[in-house]
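Participant: Sharing my_file_24.tsv, TSV, C-alpha atoms:
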```tsv
chain	number	residue	atom	x	y	z
A	435	MET	CA	127.11	110.37	-107.62
A	436	GLN	CA	127.26	110.56	-103.83
A	437	ARG	CA	128.90	107.92	-101.65
A	438	TYR	CA	127.74	107.56	-98.05
A	439	TRP	CA	129.61	105.58	-95.37
A	440	PRO	CA	127.20	104.51	-92.61
A	441	TYR	CA	130.10	103.94	-90.20
A	442	ASP	CA	130.82	107.64	-89.71
A	443	GLY	CA	128.05	109.35	-91.72
A	444	SER	CA	130.52	110.88	-94.20
A	445	THR	CA	129.63	111.59	-97.83
A	446	PHE	CA	131.71	112.12	-100.95
A	447	GLU	CA	130.46	113.34	-104.33
A	448	PHE	CA	132.04	112.50	-107.69
A	449	LEU	CA	131.19	112.41	-111.39
A	450	THR	CA	130.56	109.09	-113.08
A	451	GLY	CA	129.28	107.82	-116.40
A	452	GLU	CA	125.69	106.84	-117.02
A	453	ASN	CA	126.57	103.17	-117.65
A	454	GLU	CA	128.65	102.56	-114.53
A	455	VAL	CA	126.81	100.19	-112.21
A	456	VAL	CA	126.91	100.58	-108.46
A	457	ASP	CA	125.22	97.36	-107.41
A	458	GLN	CA	127.90	95.19	-109.06
A	459	ILE	CA	130.84	97.14	-107.57
A	460	ILE	CA	132.38	98.22	-110.84
A	461	LEU	CA	132.87	101.91	-110.20
A	462	PRO	CA	136.59	102.60	-110.68
A	463	GLU	CA	136.79	104.82	-107.60
A	464	ILE	CA	135.65	101.95	-105.36
A	465	ALA	CA	138.85	100.08	-106.12
A	466	ASP	CA	140.82	102.57	-104.02
A	467	LEU	CA	138.61	102.15	-100.95
A	468	LEU	CA	139.25	99.83	-98.03
A	469	PRO	CA	138.14	96.22	-98.66
A	470	GLU	CA	134.99	94.71	-97.21
A	471	ARG	CA	133.34	98.04	-96.46
A	472	LEU	CA	129.64	98.72	-96.96
A	473	PHE	CA	128.76	101.99	-98.70
A	474	LYS	CA	125.53	103.47	-99.99
A	475	TYR	CA	125.14	105.44	-103.21
A	476	ARG	CA	122.64	107.80	-104.74
A	477	ALA	CA	122.77	109.60	-108.08
A	478	ARG	CA	121.43	112.56	-109.97
A	479	TYR	CA	121.92	114.14	-113.37
A	480	THR	CA	124.46	116.96	-113.49
A	481	SER	CA	122.76	118.84	-116.35
A	482	SER	CA	120.95	120.87	-113.73
A	483	THR	CA	122.10	121.79	-110.24
A	484	SER	CA	118.49	121.42	-109.10
A	485	ALA	CA	118.10	117.87	-110.42
A	486	PRO	CA	116.70	115.60	-107.68
A	487	TRP	CA	118.67	112.76	-106.12
A	488	SER	CA	117.60	109.19	-106.88
A	489	VAL	CA	116.60	108.87	-103.18
A	490	SER	CA	115.82	111.61	-100.68
A	491	LYS	CA	118.58	110.80	-98.14
A	492	PRO	CA	122.09	109.30	-98.44
A	493	GLU	CA	121.23	106.49	-96.03
A	494	TYR	CA	118.48	105.32	-98.39
A	495	GLY	CA	120.95	104.77	-101.24
A	496	LYS	CA	121.89	101.60	-103.08
A	497	GLU	CA	124.16	99.36	-101.01
A	498	ALA	CA	127.53	98.29	-102.41
A	499	ARG	CA	130.29	96.38	-100.64
A	500	THR	CA	133.92	96.61	-101.71
A	501	LEU	CA	135.75	93.46	-102.68
A	502	ALA	CA	138.80	91.95	-100.98
A	503	GLU	CA	141.91	90.38	-102.46
A	504	ALA	CA	141.61	86.58	-102.58
A	505	LEU	CA	144.61	85.70	-104.76
A	506	LYS	CA	147.49	87.74	-106.12
A	507	GLY	CA	150.91	87.12	-107.62
A	508	GLU	CA	152.85	88.89	-110.34
A	509	LEU	CA	152.97	87.06	-113.66
A	510	ALA	CA	156.48	87.50	-115.00
A	511	ILE	CA	156.96	84.87	-117.76
A	512	THR	CA	155.77	85.45	-121.33
A	513	ASP	CA	153.96	82.91	-123.50
A	514	SER	CA	152.85	83.82	-127.04
A	515	GLY	CA	150.70	82.34	-129.77
A	516	TRP	CA	147.39	82.12	-127.87
A	517	GLU	CA	145.23	83.42	-130.70
A	518	GLY	CA	142.61	80.76	-131.51
A	519	TRP	CA	143.32	78.70	-128.38
A	520	THR	CA	141.38	78.02	-125.18
A	521	LEU	CA	142.92	78.20	-121.71
A	522	ILE	CA	141.33	76.45	-118.74
A	523	GLN	CA	142.87	77.72	-115.52
A	524	ARG	CA	142.13	75.52	-112.53
A	525	PHE	CA	142.61	76.78	-108.98
A	526	GLU	CA	142.71	73.96	-106.48
A	527	ALA	CA	140.62	73.98	-103.31
A	528	ARG	CA	141.65	76.76	-100.89
A	529	ALA	CA	144.15	78.27	-103.34
A	530	ILE	CA	141.77	81.25	-103.28
A	531	SER	CA	141.63	82.62	-99.77
A	532	ARG	CA	137.96	83.53	-99.41
A	533	SER	CA	134.43	82.81	-100.60
A	534	GLY	CA	131.86	85.35	-101.76
A	535	ASP	CA	129.12	86.14	-104.24
A	536	LYS	CA	130.95	88.70	-106.41
A	537	VAL	CA	134.18	88.10	-108.33
A	538	SER	CA	136.58	90.33	-110.25
A	539	LEU	CA	139.64	89.23	-112.23
A	540	THR	CA	142.79	91.13	-113.13
A	541	LEU	CA	144.38	89.80	-116.33
A	542	ARG	CA	147.97	90.37	-117.49
A	543	ALA	CA	148.85	90.18	-121.19
A	544	GLY	CA	152.32	90.27	-122.71
A	545	SER	CA	153.64	93.24	-124.64
A	546	ALA	CA	151.78	92.10	-127.79
A	547	GLY	CA	148.41	92.38	-125.99
A	548	ALA	CA	145.51	89.94	-126.10
A	549	SER	CA	141.98	89.57	-127.46
A	550	ILE	CA	139.41	87.45	-125.60
A	551	ASP	CA	136.09	86.20	-126.91
A	552	ARG	CA	134.82	84.47	-123.79
A	553	ILE	CA	135.52	84.08	-120.06
A	554	TYR	CA	133.43	81.69	-117.93
A	555	LEU	CA	133.71	80.81	-114.23
A	556	SER	CA	132.56	77.53	-112.73
A	557	GLN	CA	133.39	74.88	-110.20
A	558	VAL	CA	134.92	71.58	-111.26
A	559	ASP	CA	132.49	68.75	-111.95
A	560	PRO	CA	133.05	66.29	-109.07
A	561	ALA	CA	131.21	63.39	-110.76
A	562	ALA	CA	133.07	60.13	-111.23
A	563	GLY	CA	134.67	59.91	-114.66
A	564	SER	CA	134.85	63.69	-115.14
A	565	GLU	CA	138.01	65.32	-116.42
A	566	PRO	CA	139.81	67.83	-114.17
A	567	PHE	CA	138.78	70.60	-116.59
A	568	ASP	CA	135.05	69.69	-116.79
A	569	SER	CA	132.58	72.21	-115.36
A	570	VAL	CA	129.37	71.91	-113.41
A	571	ASP	CA	126.24	73.33	-115.03
A	572	TYR	CA	126.30	76.46	-112.85
A	573	ARG	CA	128.57	78.86	-114.72
A	574	ALA	CA	128.97	82.63	-114.76
A	575	THR	CA	129.74	84.76	-117.80
A	576	MET	CA	132.41	87.43	-117.43
A	577	GLN	CA	132.91	88.01	-121.16
A	578	ASP	CA	131.20	86.64	-124.26
A	579	THR	CA	131.10	88.00	-127.81
A	580	ALA	CA	127.46	86.87	-127.93
A	581	PHE	CA	126.74	90.02	-125.90
A	582	GLY	CA	129.40	92.45	-127.12
A	583	PRO	CA	132.76	92.88	-128.84
A	584	PRO	CA	135.90	90.95	-127.92
A	585	LEU	CA	137.71	92.06	-124.79
A	586	VAL	CA	141.01	93.61	-125.86
A	587	ILE	CA	144.11	94.28	-123.79
A	588	PRO	CA	146.13	96.60	-126.02
A	589	PRO	CA	149.81	96.10	-126.81
A	590	ALA	CA	152.33	97.65	-124.44
A	591	PRO	CA	155.70	99.27	-125.12
A	592	LEU	CA	158.57	96.85	-125.69
A	593	ASN	CA	159.53	94.90	-122.55
A	594	GLN	CA	156.40	96.08	-120.75
A	595	THR	CA	153.05	94.41	-120.08
A	596	ASN	CA	149.47	95.53	-119.56
A	597	THR	CA	146.85	94.51	-117.03
A	598	LEU	CA	143.09	94.80	-117.19
A	599	THR	CA	140.76	94.50	-114.20
A	600	MET	CA	137.38	93.10	-115.13
A	601	PRO	CA	134.18	94.46	-113.60
A	602	ALA	CA	132.90	92.29	-110.78
A	603	ILE	CA	130.18	89.82	-111.68
A	604	LEU	CA	127.67	87.97	-109.55
A	605	TYR	CA	129.01	84.48	-108.94
A	606	THR	CA	128.91	82.35	-105.80
A	607	LEU	CA	132.52	81.30	-105.30
A	608	ASP	CA	133.22	78.57	-102.75
A	609	HIS	CA	136.94	78.69	-102.04
A	610	THR	CA	136.86	75.21	-100.46
A	611	LYS	CA	136.22	73.72	-103.93
A	612	PRO	CA	138.33	73.90	-107.11
A	613	LEU	CA	137.53	76.79	-109.44
A	614	LEU	CA	137.75	76.77	-113.25
A	615	ILE	CA	138.19	79.89	-115.36
A	616	ALA	CA	137.73	79.08	-119.06
A	617	ILE	CA	139.06	81.59	-121.59
A	618	ASP	CA	138.59	81.55	-125.36
A	619	PHE	CA	141.14	83.76	-127.11
A	620	SER	CA	140.08	85.35	-130.40
A	621	ALA	CA	141.38	83.88	-133.65
A	622	THR	CA	142.88	87.28	-134.46
A	623	PRO	CA	144.75	89.43	-133.53
A	624	VAL	CA	147.84	88.04	-131.79
A	625	SER	CA	147.42	87.17	-128.09
A	626	GLU	CA	150.32	86.96	-125.68
A	627	ILE	CA	149.90	86.12	-122.00
A	628	MET	CA	151.97	86.14	-118.84
A	629	TYR	CA	152.22	83.31	-116.31
A	630	ARG	CA	154.03	82.14	-113.18
A	631	ASP	CA	155.01	78.79	-111.73
A	632	VAL	CA	153.25	77.61	-108.58
A	633	PRO	CA	153.02	74.33	-106.64
A	634	PRO	CA	150.60	71.85	-108.27
A	635	ASN	CA	148.41	71.87	-105.16
A	636	VAL	CA	147.73	75.57	-105.87
A	637	ALA	CA	146.86	75.68	-109.57
A	638	ASN	CA	147.12	73.87	-112.89
A	639	ALA	CA	146.13	74.78	-116.42
A	640	TYR	CA	144.95	73.06	-119.60
A	641	TYR	CA	144.88	74.25	-123.19
A	642	LYS	CA	143.44	73.30	-126.57
A	643	GLU	CA	143.39	74.74	-130.07
A	644	GLN	CA	139.87	75.73	-131.06
A	645	ALA	CA	138.33	73.86	-134.01
A	646	PRO	CA	135.51	75.01	-136.31
A	647	LEU	CA	132.22	74.62	-134.45
A	648	GLN	CA	129.89	71.89	-135.60
A	649	PRO	CA	126.13	72.56	-135.85
A	650	GLY	CA	124.75	73.03	-132.34
A	651	GLU	CA	128.19	72.90	-130.71
A	652	GLU	CA	129.08	75.41	-128.00
A	653	PRO	CA	132.43	77.24	-127.94
A	654	GLU	CA	134.99	75.67	-125.62
A	655	ALA	CA	134.68	78.16	-122.75
A	656	ARG	CA	130.91	77.60	-122.56
A	657	LYS	CA	131.13	73.82	-122.46
A	658	THR	CA	130.76	71.67	-119.36
A	659	ASP	CA	131.96	68.35	-120.79
A	660	ARG	CA	135.34	68.92	-122.46
A	661	ASP	CA	137.98	66.71	-124.07
A	662	GLY	CA	141.27	66.88	-125.91
A	663	TYR	CA	143.07	69.27	-123.56
A	664	THR	CA	146.81	69.23	-122.93
A	665	PRO	CA	147.87	69.61	-119.27
A	666	TRP	CA	150.03	72.57	-118.30
A	667	PRO	CA	150.83	71.65	-114.71
A	668	ALA	CA	151.77	73.90	-111.80
A	669	VAL	CA	151.10	77.32	-113.34
A	670	ILE	CA	148.82	80.31	-113.01
A	671	ALA	CA	148.38	81.84	-116.45
A	672	PHE	CA	146.91	85.19	-117.49
A	673	ILE	CA	145.01	85.69	-114.21
A	674	GLU	CA	147.14	87.82	-111.93
A	675	ARG	CA	144.62	88.67	-109.24
A	676	ILE	CA	141.20	87.56	-108.01
A	677	ASP	CA	139.05	89.80	-105.80
A	678	VAL	CA	135.99	88.44	-104.02
A	679	GLY	CA	133.22	90.10	-102.04
```
Taking this structure as input, can you express it in the form of structure tokens?
Facilitator:
Amino acid sequence: MQRYWPYDGSTFEFLTGENEVVDQIILPEIADLLPERLFKYRARYTSSTSAPWSVSKPEYGKEARTLAEALKGELAITDSGWEGWTLIQRFEARAISRSGDKVSLTLRAGSAGASIDRIYLSQVDPAAGSEPFDSVDYRATMQDTAFGPPLVIPPAPLNQTNTLTMPAILYTLDHTKPLLIAIDFSATPVSEIMYRDVPPNVANAYYKEQAPLQPGEEPEARKTDRDGYTPWPAVIAFIERIDVG
């Protein structure tokens, strides 16, 4: 892979896997670059030194823009027993510092680790009579076992925790409106999360134990119209950082 920076015409070549996607900004090496910078990429197979590039010149490559930090704060308090439960994390309007059309999350699990079946992003339904954890129809999938295995954050050594940064997804985030992140934790294995206290005008959470699905019923994280949730006020849980581009 070759990275080209139009600002100064510099290039940098590096090896990458076949399944890493440039146009969604999920190459690990991009994370170390300056935020909000436009780069262009081209690729070729390394099985032969004479293999052609995907485009003839670096400046014709696929455009990719790095993300910028929109929310960050260390999660230092442990909460266990999340296996088989759903967490709805609500960020109030302007708690996230910027808008954009790509979003990445960094999650922090406790030392026992965590297993996640689904993660969905959406705005809060503003309709009269809606609950504060109800979603609009426009939702984005970050993780769903309908398309692959559960997302696992492995256990960490005693008194330590692990983070996992999710690949960026396409989602139009408007930071002037409340954001919901709905997370279904797997029934097994054990899931342990970290959280921090914040003012209630920044973020609040809601949780519910998952029940057996009835015929035609969607899992909790996929739903728009929800009920039966317990408020967990003035916290940010499991989501340590949000990057937006």
Participant: Could you give me, as a Markdown table, every stretch 577-651 of chain A residue with an atom at most 8 Å from stretch 550-556 of chain A, plus its closest atom pair and distance in Å to one decimal, counting only C-alpha atoms, rows ordered by chain then number?
Facilitator:
```
| residue | atom | partner | partner_atom | distance |
| --- | --- | --- | --- | --- |
| A:Gln577 | CA | A:Arg552 | CA | 4.8 |
| A:Asp578 | CA | A:Arg552 | CA | 4.2 |
| A:Thr579 | CA | A:Asp551 | CA | 5.4 |
| A:Pro583 | CA | A:Asp551 | CA | 7.7 |
| A:Pro584 | CA | A:Asp551 | CA | 4.9 |
| A:Leu585 | CA | A:Ile550 | CA | 5.0 |
| A:Val586 | CA | A:Ile550 | CA | 6.4 |
| A:Tyr605 | CA | A:Leu555 | CA | 8.0 |
| A:Leu613 | CA | A:Ser556 | CA | 6.0 |
| A:Leu614 | CA | A:Ser556 | CA | 5.3 |
| A:Ile615 | CA | A:Leu555 | CA | 4.7 |
| A:Ala616 | CA | A:Tyr554 | CA | 5.2 |
| A:Ile617 | CA | A:Ile553 | CA | 4.6 |
| A:Asp618 | CA | A:Arg552 | CA | 5.0 |
| A:Phe619 | CA | A:Ile550 | CA | 4.3 |
| A:Ser620 | CA | A:Ile550 | CA | 5.3 |
```
Participant: Write a file of the selected residues as a short mmCIF file (atom, residue, chain, number, x, y, z; two decimals), in the frame of the given file, keeping C-alpha atoms.
Facilitator:
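As written to disk, again-v2.cif reads:
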```cif
data_model
loop_
_atom_site.label_atom_id
_atom_site.label_comp_id
_atom_site.auth_asym_id
_atom_site.auth_seq_id
_atom_site.Cartn_x
_atom_site.Cartn_y
_atom_site.Cartn_z
CA GLN A 577 132.91 88.01 -121.16
CA ASP A 578 131.20 86.64 -124.26
CA THR A 579 131.10 88.00 -127.81
CA PRO A 583 132.76 92.88 -128.84
CA PRO A 584 135.90 90.95 -127.92
CA LEU A 585 137.71 92.06 -124.79
CA VAL A 586 141.01 93.61 -125.86
CA TYR A 605 129.01 84.48 -108.94
CA LEU A 613 137.53 76.79 -109.44
CA LEU A 614 137.75 76.77 -113.25
CA ILE A 615 138.19 79.89 -115.36
CA ALA A 616 137.73 79.08 -119.06
CA ILE A 617 139.06 81.59 -121.59
CA ASP A 618 138.59 81.55 -125.36
CA PHE A 619 141.14 83.76 -127.11
CA SER A 620 140.08 85.35 -130.40
#
```
Participant: Return as a tab-separated table the residues of stretch 547-588 of chain A lying at most 9 Å from stretch 650-660 of chain A, together with the closest atom-to-atom pair for each and the distance in Å to one decimal, counting all atoms listed in the file, with rows in chain order and ascending residue number.
Facilitator:
```
residue	atom	partner	partner_atom	distance
A:Arg552	CA	A:Ala655	CA	6.4
A:Ile553	CA	A:Ala655	CA	6.6
A:Tyr554	CA	A:Ala655	CA	6.1
A:Leu555	CA	A:Ala655	CA	9.0
A:Asp559	CA	A:Thr658	CA	8.2
A:Ser564	CA	A:Asp659	CA	7.9
A:Glu565	CA	A:Arg660	CA	7.5
A:Phe567	CA	A:Arg660	CA	7.0
A:Asp568	CA	A:Asp659	CA	5.2
A:Ser569	CA	A:Thr658	CA	4.4
A:Val570	CA	A:Thr658	CA	6.1
A:Asp571	CA	A:Thr658	CA	6.5
A:Arg573	CA	A:Arg656	CA	8.3
A:Thr575	CA	A:Arg656	CA	8.7
```
Participant: Please identify all polymer residues lying at most 12 Å from the point (122.5, 105.3, -93.9) (file coordinates), using all atoms listed in the file, and present the result as a tab-separated table (two decimals) with C-alpha atoms, keeping the file's coordinate frame.
Facilitator:
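Everything below was put into part.tsv:
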```
chain	number	residue	atom	x	y	z
A	437	ARG	CA	128.90	107.92	-101.65
A	438	TYR	CA	127.74	107.56	-98.05
A	439	TRP	CA	129.61	105.58	-95.37
A	440	PRO	CA	127.20	104.51	-92.61
A	441	TYR	CA	130.10	103.94	-90.20
A	442	ASP	CA	130.82	107.64	-89.71
A	443	GLY	CA	128.05	109.35	-91.72
A	444	SER	CA	130.52	110.88	-94.20
A	445	THR	CA	129.63	111.59	-97.83
A	472	LEU	CA	129.64	98.72	-96.96
A	473	PHE	CA	128.76	101.99	-98.70
A	474	LYS	CA	125.53	103.47	-99.99
A	475	TYR	CA	125.14	105.44	-103.21
A	476	ARG	CA	122.64	107.80	-104.74
A	489	VAL	CA	116.60	108.87	-103.18
A	490	SER	CA	115.82	111.61	-100.68
A	491	LYS	CA	118.58	110.80	-98.14
A	492	PRO	CA	122.09	109.30	-98.44
A	493	GLU	CA	121.23	106.49	-96.03
A	494	TYR	CA	118.48	105.32	-98.39
A	495	GLY	CA	120.95	104.77	-101.24
A	496	LYS	CA	121.89	101.60	-103.08
A	497	GLU	CA	124.16	99.36	-101.01
```
Participant: Distance atom CA of A:Thr610-atom CA of A:Val632, one decimal place?
Facilitator: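 Separation between atom CA of A:Thr610 and atom CA of A:Val632: 18.4 Å.
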Participant: Considering only C-alpha atoms, state which residue in the set A:Asn635, A:Thr606, A:Gln557, A:Asn596 is at the smallest distance from A:Ala668.
Facilitator: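 Between A:Asn635, A:Thr606, A:Gln557, A:Asn596, the residue approaching A:Ala668 most closely is A:Asn635.
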Participant: With 5 Å on each side, where is the centre of the axis-aligned box around all listed atoms of stretch 537-543 of chain A, and how long are its edges in Å to one decimal, as JSON?
Facilitator:
```
{"center_x": 141.5, "center_y": 89.6, "center_z": -114.8, "size_x": 24.7, "size_y": 13.0, "size_z": 22.9}
```
Participant: Which distance in Å separates atom CA of A:Ala504 and atom CA of A:Met628, to one decimal?
Facilitator: 19.3 Å
Participant: Take atom CA of A:Thr599 and atom CA of A:Arg532 and report the distance between them in Å, one decimal.
Facilitator: 18.6 Å
Participant: For A:Pro667, work out the shell of residues within 10 Å, counting all atoms listed in the file and skipping chain neighbours fewer than 6 positions away, then give it as a PyMOL selection string.
Facilitator: chain A and resi 524+631-635+637-640
Participant: Could you pull the residues within 9 Å of A:Ala546, counting only C-alpha atoms, minus those fewer than 2 positions along the same chain, as a ChimeraX atom specification?
Facilitator: /A:514,543-544,548,587-592,595,624-627
Participant: Nearest to A:Ala529: which of A:Ala485, A:Asp608, A:Trp516, A:Arg542 is it, counting only C-alpha atoms?
Facilitator: A:Asp608
Participant: Using all atoms listed in the file, pick whichever of A:Leu449, A:Leu509, A:Leu647, A:Ala602 has the shortest atom-to-atom distance to A:Met576.
Facilitator: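 Going through A:Leu449, A:Leu509, A:Leu647, A:Ala602 one by one, the smallest distance to A:Met576 is for A:Ala602.
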Participant: My list of candidates is A:Val669, A:Ala621, A:Leu607, A:Ala645. Which is closest to A:Gly515 when distances are computed with all atoms listed in the file?
Facilitator: A:Ala621
Participant: What lies within 9 Å of A:Trp487 using all atoms listed in the file, ignoring chain neighbours under 6 positions off, as a list of chain:residue names?
Facilitator: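 So, after excluding close chain neighbours, the residues are A:Met435, A:Arg476, A:Ala477, A:Arg478, A:Tyr479.
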Participant: Pick out the closest residue to A:Ser549 from this set: A:Glu526, A:Asp535, A:Glu517, A:Glu643. Count only C-alpha atoms.
Facilitator: A:Glu517
Participant: Here is a test: counting only C-alpha atoms, which residue of A:Tyr641, A:Phe672, A:Tyr663, A:Tyr572 is nearest to A:Leu521?
Facilitator: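 Smallest distance to A:Leu521 is found for A:Tyr641.
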